[in-house]
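Here the structure is laid out as structure tokens; the discussion comes afterwards.
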Amino acid sequence: MNLREIASNTIRWLFLAALVGLLSGSASAVFLLSLDLATELREANLWLIALLPLAGFGIGYVYHHFGAKSSQGNNLLLDALYHGKEPIPLRMTPLVLFGTIFTHLFGGSAGREGTAVQMGGSLADQLTKWFSLHKADRRIIIICGVAGGFASVFGTPLAGAVFSLEWMLVRKIRWGSFVPAFFAAFVADWVCELAWGVGHTGYSIPEVPVHSLANLAWVIPAGIAFGLSARLFAETGHAVSAVFKKALAYPPLRPFVGGVIIALLVYFSGTTTYIGLGVPRIVEAFETPLPWYDWLAKTGLTGLTLGSGFKGGEVTPLFFTGATLGNALSAWIPLPLALLAGMGFVGVFSGATNTPLACTVMGMELFGYEAGVFLGIACLVAYFFSGRGSIYASQNLEAKYLWRW
């Protein structure tokens with residue numbers, strides 16, 4: 001390519017990436033604002049949790065009769081990136097948006113990353129038709145959508161871009177994807193935060209110990225625990241889904257029954273700590289000792305919510321699981337409580353999504369670069385010890401070749 005062609009191609013991709021960033025950032029902003037309203041309404045009217053089974057049936061009915069392939073969620077995006085066959089339907093955006101909001105409004109335990117990524121990918125893929133993009137370009141535009149959705153929902157543009165490239169777990173990544181992915185991520189984050197005025201939760205690790213051999217060695221057992229927890233989280237969701245599919249042939253009945261079980265658990269436990277996003281509890285995990293079983297309760301309730309057919313992401317529950325597990329480990333591991341919570345926050349996420357680099361970058365964006373070495377080791381160890389587990393059934397784990405279990 002001569003200089004004119006390079007310049008033309010660069011301008012073209014910056015334009016497309018900016019457009020994807022505008023769409024995904026705006027979609028995330030609307031989603032986050034709606035999610036805040038739904039959470040406030042539920043907490044002010046706890047009787048809404050009793051309606052969770054009906055909400056589940058409604059979500060299941062709409063997806064079953066009108067969702068087509070949208071019910072595959074993030075796995076549909078991965079299939080599009082791997083194989084590039086069928087287009088991602090535009091209906092995925094409103095379906096996952098309203099499905100997730102209703103899940104949170106009525107008391108399900110779910111996250112927001114999956115929703116933002118699906119909206120970003122769905123909206124981005126529409127540009128394939130509008131601009132007549134060929135197969136290779138379509139892959140890049142979907143990567144931009146994933147980057148924009150992830151970056152804008154968490155306020156982490158660097159991690160969003162790296163995640164969009166890393167989560168495919170393929171050994172060959174086109175270098176042409178890098179600049180559009182990063183640009184889309186930054187534009188989406190700017191649009192969400194500056195144009196829409198949507199902020200993000202702040203976390204702090206006030207004390208980072210010296211990088212001594214003893215301190216770094218303690219990261220290894222913590223990382224192993226995070227990796228095993230990530231495997232448990234992923235397998236719980238898959239197992240619940242398999243049981244519900246085998247027991248209930250009619251899909252809308254699955255979230256209905258799951259909603260009944262969740263509502264009863266909340267009623268008899270007398271707490272709403274483990275439903276919704278759980279962000280207040282995550283913040284607490286950085287500040288004060290919490291009950292040791294918090295991470296197990298969130299794992300089980302999220303697996304039941306998403307496995308039975310409700311909509312939402314897994315990442316914020318993974319943050320909850322990791323931060324509270326790190327909090328619990330502070331009773332045995334002589335590292336600062338906030339540091340262990342931060343290591344768990346990104347470590348369990350790394351193990352469950354097989355994205356250690358993105359999680360390390362995310363940790364440094366959220367908590368500061370001073371803790372980077374501790375976070376990086378925790379993410380890498382968790383990645384290895386999560387084995388062949390993943391919250392994404394379609395993720396290509398052949399690239400994770402060190403062992404099979």
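Ligands are numbered from 1 in the order shown, residues from 1 within each chain, and chains are lettered A, B, ... in the order they appear in the structure tokens.
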
Original post:
Which polymer residues have any atom within 10 Å of an atom of region 361-365 of chain A, counting only C-alpha atoms, with same-chain residues fewer than 3 positions away left out, as number ranges by chain?
Top reply: A: 151, 154-160, 162-163, 203, 342-343, 345-347, 356-358, 368-376, 379

**OP:** Would you mind listing what lies within 8 Å of region 243-259 of chain A as a ChimeraX atom specification, with only C-alpha atoms counted and same-chain residues fewer than 4 positions away left out?
**Re:** /A:52-61,64,108,239,263,304-305,307-310

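Using only C-alpha atoms, the smallest distance between any of A:Val260, A:Gly278, A:Ile140, A:Thr324 and Pro291 (chain A) comes from A:Thr324.
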
Subject >> Best match for closeness to Leu78 (chain A) among A:Phe66, A:Phe186, A:Phe31, A:Trp167, counting only C-alpha atoms >> reply: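 Using only C-alpha atoms, the shortest distance to Leu78 (chain A) belongs to A:Trp167.
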